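Here's the structure, in C-alpha cells; my notes come after.
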Amino acid sequence: MLYLFCGILSGALLAAICAPLFRKEETLESAIIEETEWDLLQRKKEVILGNIQDLDFEYKCGKLSSEDYQKIRAEMNAEAAAVFEQIEKLESSKDLDALIRREISARKDRSTIACPSCGGKNPNTNKFCAECGAELKR
Ligand SMILES: [Zn+2]
C-alpha cells in the first residue's frame, strides 16, 4: 500500500515537473521563431541606419559630391522605409493573428446547437440535450 502510494506520488510529482517544462519548450520555440524574423529585420534596420550615418559623415567630410550623396541617400532611405514597413507588417500581422484566434475561440464558446426534441439551446460541445437528454444531431 505504501509502495503504491509512493509510486503514485512520485508519478504525479514527475508529471507536475515535466508538464510545464514541455509546455514552456513549445512556447519558447515559437517565441524563438518569431524573434528570429523580428531580429533579422531589426538587424537590417540597424545596418541601414548605420550606413546612412556613415554616408552623412562622409558627406560632411567632403568625400562625396552633393549629387552622389543625394542619390545614395535616397536609395538608403527607400531601403530603410522598406524595412520599417516590413517590421510594421510583422507587428500588425502578429496582432491580427492573436485577434483572430481570440475571436474564433469566443465564437466557439458562443455557438449553440438547438435540441431536435425540445428546441433547447445547448453548447456546441454537448452530445446530449441538457434539458431533455435527447441526442444532439449535427
Ligand atoms: Zn432537448
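Here, A, B, ... name the chains of the C-alpha cells in the order displayed, residue numbers run from 1 inside each chain, and ligands are numbered from 1 in the same displayed order.
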Cut-off 10 Å, only C-alpha atoms and all ligand atoms, neighbours of ligand 1 as a PyMOL selection string: chain A and resi 114-122+128-136
Which of A:Arg101, A:Glu79, A:Arg73, A:Ile87 sits closest to Tyr59 of chain A [using only C-alpha atoms]: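 Of all the options, A:Arg73 lies closest to Tyr59 of chain A.
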Test item: residues at most 12 Å from Val47 of chain A, only C-alpha atoms, excluding those fewer than 5 positions along its chain, as a count of residues only: 10
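With distances restricted to only C-alpha atoms, A:Asn77 is the closest residue to Leu55 of chain A from A:Glu85, A:Arg43, A:Glu37, A:Asn77.
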Atomic distance atom CA of Asp56 of chain A - atom CA of Tyr69 of chain A, expressed in Å with one decimal: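 Taking atom CA of Asp56 of chain A and atom CA of Tyr69 of chain A, their separation equals 8.0 Å.
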Gap from atom CA of Leu90 of chain A to atom CA of Ala74 of chain A - Å, one decimal: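 Value for the atom CA of Leu90 of chain A-atom CA of Ala74 of chain A distance: 24.3 Å.
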Might you pull out every residue within 6 Å of Asn124 of chain A, with only C-alpha atoms counted and same-chain residues fewer than 2 positions away left off, and present them as a tab-separated table (two decimals) with C-alpha atoms, in the first residue's frame?
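Generated output (around.tsv):
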```tsv
chain	number	residue	atom	x	y	z
A	111	SER	CA	-22.07	28.82	-30.73
A	112	THR	CA	-25.01	26.70	-29.63
A	113	ILE	CA	-26.96	23.81	-31.06
A	126	ASN	CA	-22.67	18.86	-25.88
```
Between atom CA of Leu96 of chain A and atom CA of Thr125 of chain A - distance in Å to one decimal: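 Computing it gives 26.5 Å between the two atoms.
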